[in-house]
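Next comes final.txt, a file with compact mmCIF, C-alpha atoms.
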# COMPACT_ATOMS: atom_id res chain seq x y z
CA MET A 1030 -1.35 -27.99 -19.22
CA GLY A 1031 -1.73 -30.89 -21.60
CA SER A 1032 -4.38 -33.54 -21.84
CA GLY A 1033 -2.41 -36.70 -21.03
CA PRO A 1034 -1.97 -38.38 -17.67
CA ALA A 1035 0.33 -36.76 -15.13
CA ALA A 1036 3.92 -37.95 -15.32
CA ALA A 1037 5.52 -39.85 -12.44
CA PRO A 1038 8.18 -37.95 -10.47
CA THR A 1039 11.61 -38.09 -12.08
CA PRO A 1040 14.52 -39.70 -10.19
CA GLN A 1041 15.91 -36.18 -9.63
CA ARG A 1042 12.58 -35.03 -8.13
CA LYS A 1043 12.48 -38.09 -5.85
CA ALA A 1044 16.03 -37.30 -4.64
CA ARG A 1045 15.09 -33.67 -3.94
CA MET A 1046 11.98 -34.83 -2.10
CA ALA A 1047 14.08 -37.16 0.06
CA THR A 1048 16.56 -34.42 1.00
CA THR A 1049 14.14 -31.49 1.31
CA THR A 1050 13.35 -30.34 4.81
CA ASN A 1051 9.77 -30.95 5.85
CA THR A 1052 9.40 -27.45 7.27
CA VAL A 1053 6.74 -25.37 5.55
CA THR A 1054 5.88 -21.82 6.57
CA LYS A 1055 3.82 -20.41 3.69
CA GLY A 1056 0.87 -21.63 1.66
CA LEU A 1057 -1.82 -20.83 -0.86
CA LEU A 1058 -5.51 -21.64 -0.84
CA VAL A 1059 -7.19 -21.27 -4.24
CA ARG A 1060 -10.93 -21.58 -4.80
CA ILE A 1061 -12.17 -22.32 -8.32
CA GLU A 1062 -15.78 -22.29 -9.50
CA ALA A 1063 -16.28 -24.16 -12.79
CA MET A 1064 -18.30 -22.56 -15.57
CA PRO A 1065 -21.59 -24.43 -16.16
CA GLY A 1066 -20.96 -27.71 -17.98
CA ARG A 1067 -17.14 -27.42 -17.62
CA GLU A 1068 -16.76 -29.37 -14.36
CA ASP A 1069 -15.06 -32.39 -15.97
CA ASP A 1070 -12.73 -30.08 -17.90
CA VAL A 1071 -11.72 -28.32 -14.69
CA ALA A 1072 -11.03 -31.67 -12.98
CA ARG A 1073 -8.82 -32.70 -15.94
CA PHE A 1074 -7.08 -29.32 -15.93
CA LEU A 1075 -6.19 -29.77 -12.26
CA GLN A 1076 -5.04 -33.37 -12.76
CA ASP A 1077 -2.74 -32.23 -15.56
CA GLY A 1078 -1.33 -29.50 -13.30
CA LEU A 1079 0.42 -32.11 -11.16
CA SER A 1080 3.12 -32.73 -13.79
CA LEU A 1081 3.93 -29.00 -13.82
CA VAL A 1082 4.05 -28.70 -10.04
CA GLU A 1083 6.42 -31.68 -9.81
CA GLN A 1084 8.98 -29.50 -11.62
CA GLU A 1085 8.89 -26.90 -8.81
CA PRO A 1086 11.42 -27.88 -6.13
CA ASP A 1087 10.04 -25.40 -3.57
CA THR A 1088 6.44 -26.62 -3.79
CA THR A 1089 6.61 -29.01 -0.84
CA ALA A 1090 3.04 -30.31 -1.12
CA TRP A 1091 0.27 -29.60 -3.64
CA PHE A 1092 -3.34 -30.78 -3.57
CA ALA A 1093 -6.10 -30.32 -6.12
CA VAL A 1094 -9.48 -31.00 -4.52
CA ARG A 1095 -13.17 -31.05 -5.35
CA LEU A 1096 -15.28 -29.24 -2.77
CA GLY A 1097 -18.65 -29.69 -4.46
CA PRO A 1098 -20.26 -30.43 -7.84
CA SER A 1099 -18.75 -27.33 -9.49
CA THR A 1100 -16.36 -26.05 -6.83
CA PHE A 1101 -12.69 -27.00 -6.80
CA GLY A 1102 -9.64 -25.92 -4.90
CA ILE A 1103 -5.88 -26.01 -4.75
CA PHE A 1104 -3.93 -26.10 -1.50
CA ASP A 1105 -0.16 -25.94 -1.60
CA VAL A 1106 2.65 -25.23 0.83
CA PHE A 1107 6.21 -23.93 0.61
CA PRO A 1108 9.26 -23.67 2.87
CA ASP A 1109 9.28 -19.86 2.62
CA ASP A 1110 7.87 -16.88 0.78
CA SER A 1111 10.41 -17.08 -2.05
CA GLY A 1112 9.12 -20.59 -2.87
CA ARG A 1113 5.54 -19.34 -2.82
CA GLN A 1114 6.40 -16.39 -5.06
CA ALA A 1115 8.24 -18.67 -7.51
CA HIS A 1116 5.10 -20.82 -7.70
CA LEU A 1117 2.89 -17.76 -8.24
CA SER A 1118 5.06 -16.75 -11.19
CA GLY A 1119 5.28 -20.29 -12.58
CA ARG A 1120 3.52 -22.29 -15.27
CA VAL A 1121 0.59 -23.50 -13.13
CA ALA A 1122 -0.35 -19.96 -12.10
CA ALA A 1123 -0.04 -18.78 -15.71
CA ALA A 1124 -2.29 -21.61 -16.93
CA LEU A 1125 -4.78 -20.83 -14.16
CA MET A 1126 -5.07 -17.20 -15.28
CA GLU A 1127 -5.19 -18.16 -18.98
CA ASN A 1128 -8.24 -20.37 -18.36
CA ALA A 1129 -10.15 -17.96 -16.12
CA GLY A 1130 -13.36 -17.01 -17.89
CA THR A 1131 -13.26 -20.09 -20.12
CA LEU A 1132 -13.14 -23.13 -17.83
CA PHE A 1133 -13.87 -21.34 -14.56
CA GLU A 1134 -14.64 -17.98 -13.03
CA GLN A 1135 -11.78 -15.81 -11.77
CA PRO A 1136 -10.19 -17.89 -8.99
CA THR A 1137 -9.72 -16.52 -5.49
CA ILE A 1138 -6.17 -16.90 -4.26
CA GLU A 1139 -5.39 -16.51 -0.57
CA GLN A 1140 -1.86 -16.40 0.78
CA LEU A 1141 -1.53 -17.98 4.21
CA ASP A 1142 0.95 -18.72 6.95
CA VAL A 1143 1.31 -22.33 8.08
CA ILE A 1144 0.98 -22.66 11.86
CA ALA A 1145 1.61 -26.41 12.09
CA SER A 1146 2.08 -29.27 9.62
CA LYS A 1147 2.68 -33.00 9.39
CA LEU A 1148 4.44 -34.11 6.24
CA PRO A 1149 5.88 -37.50 5.26

Go ahead and express the file in the form of structure tokens.
Amino acid sequence: MGSGPAAAPTPQRKARMATTTNTVTKGLLVRIEAMPGREDDVARFLQDGLSLVEQEPDTTAWFAVRLGPSTFGIFDVFPDDSGRQAHLSGRVAAALMENAGTLFEQPTIEQLDVIASKLP
């Protein structure tokens, strides 16, 4: 996913964001445990993932978080299941699987239904 800083949203992405409905119905919760000594690499990997996610019009919101010294997570939401499935077959998911066993243990990925949300 590259090593440079995440790119700012393009004008096209900003326009899509402004016209996209704020209704989300599906989500993903991913838990990632860094391999010993790879915590900073995992944090960088997740930061770099933002530029890839910004290219996904149906990923309404995406968060990379640190839950503890070596535990990380991703939480993202989508308007429907087709958006979630597109994300699961996209570049971020591919990079996640490619780095399992090197940067982190096999991640746990939970699909969820959104009951309520507040989005900008």

| request: Find the residues around Ala1063 in chain A up to 12 Å (only C-alpha atoms counted), leave out those fewer than 2 positions away in its own chain, and share them as a PyMOL selection string. | output: chain A and resi 1060-1061+1065-1075+1095-1102+1128-1136

Go ahead and save the residues from that selection, with C-alpha atoms, as a short mmCIF file (atom, residue, chain, number, x, y, z; two decimals), in the frame of the given file.
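Generated output (again-v1.cif):
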data_model
loop_
_atom_site.label_atom_id
_atom_site.label_comp_id
_atom_site.auth_asym_id
_atom_site.auth_seq_id
_atom_site.Cartn_x
_atom_site.Cartn_y
_atom_site.Cartn_z
CA ARG A 1060 -10.93 -21.58 -4.80
CA ILE A 1061 -12.17 -22.32 -8.32
CA PRO A 1065 -21.59 -24.43 -16.16
CA GLY A 1066 -20.96 -27.71 -17.98
CA ARG A 1067 -17.14 -27.42 -17.62
CA GLU A 1068 -16.76 -29.37 -14.36
CA ASP A 1069 -15.06 -32.39 -15.97
CA ASP A 1070 -12.73 -30.08 -17.90
CA VAL A 1071 -11.72 -28.32 -14.69
CA ALA A 1072 -11.03 -31.67 -12.98
CA ARG A 1073 -8.82 -32.70 -15.94
CA PHE A 1074 -7.08 -29.32 -15.93
CA LEU A 1075 -6.19 -29.77 -12.26
CA ARG A 1095 -13.17 -31.05 -5.35
CA LEU A 1096 -15.28 -29.24 -2.77
CA GLY A 1097 -18.65 -29.69 -4.46
CA PRO A 1098 -20.26 -30.43 -7.84
CA SER A 1099 -18.75 -27.33 -9.49
CA THR A 1100 -16.36 -26.05 -6.83
CA PHE A 1101 -12.69 -27.00 -6.80
CA GLY A 1102 -9.64 -25.92 -4.90
CA ASN A 1128 -8.24 -20.37 -18.36
CA ALA A 1129 -10.15 -17.96 -16.12
CA GLY A 1130 -13.36 -17.01 -17.89
CA THR A 1131 -13.26 -20.09 -20.12
CA LEU A 1132 -13.14 -23.13 -17.83
CA PHE A 1133 -13.87 -21.34 -14.56
CA GLU A 1134 -14.64 -17.98 -13.03
CA GLN A 1135 -11.78 -15.81 -11.77
CA PRO A 1136 -10.19 -17.89 -8.99
#

| task | Name all residues at most 8 Å from Val1121 in chain A (count only C-alpha atoms; drop same-chain ones fewer than 5 positions away) and give them as a list in words. | result |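 Returned residues: Met1030, Gly1078, Leu1081, Val1082 and His1116 of chain A.
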
| Between CA of Val1143 in chain A and CA of Thr1054 in chain A - distance in Å to one decimal | 4.8 Å

| query | Mind pulling up the distance from CA of Arg1120 in chain A to CA of Thr1052 in chain A? | reply | 23.9 Å

| To one decimal place, how far is CA of Ile1138 in chain A from CA of Val1059 in chain A in Å? |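 Distance reported for this atom pair: 4.5 Å.
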
| request: Find, counting only C-alpha atoms, the residue in A:Pro1149, A:Gly1056, A:Pro1086, A:Gly1119 that gets nearest to Phe1104 in chain A. | output: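 That would be A:Gly1056, the residue with the smallest distance to Phe1104 in chain A.
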
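Ranking A:Thr1137, A:Asp1077, A:Pro1108, A:Trp1091 by their shortest atom-to-atom distance to Ala1124 in chain A, with only C-alpha atoms included, puts A:Asp1077 first.
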
Step by step, gather every atom of range 1100-1109 of chain A that the file lists, find the box along x, y and z that holds them, add 4 Å on each side, and finally give centre and edge lengths in Å to one decimal, as JSON.
{"center_x": -3.5, "center_y": -23.4, "center_z": -2.0, "size_x": 33.6, "size_y": 15.1, "size_z": 17.7}

| Selection as a count of residues only: residues within 8 Å of (-0.9, -18.6, 4.9), counting all atoms listed in the file | 10

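Among the candidates A:Leu1117, A:Met1126, A:Leu1148, A:Ile1103, the one nearest to Thr1089 in chain A when counting all atoms listed in the file is A:Leu1148.
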
| message | From the options A:Ala1115, A:Ala1145, A:Val1106, A:Val1094, which residue's atoms come nearest to Glu1062 in chain A, counting all atoms listed in the file? | response |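 Nearest candidate to Glu1062 in chain A out of A:Ala1115, A:Ala1145, A:Val1106, A:Val1094: A:Val1094.
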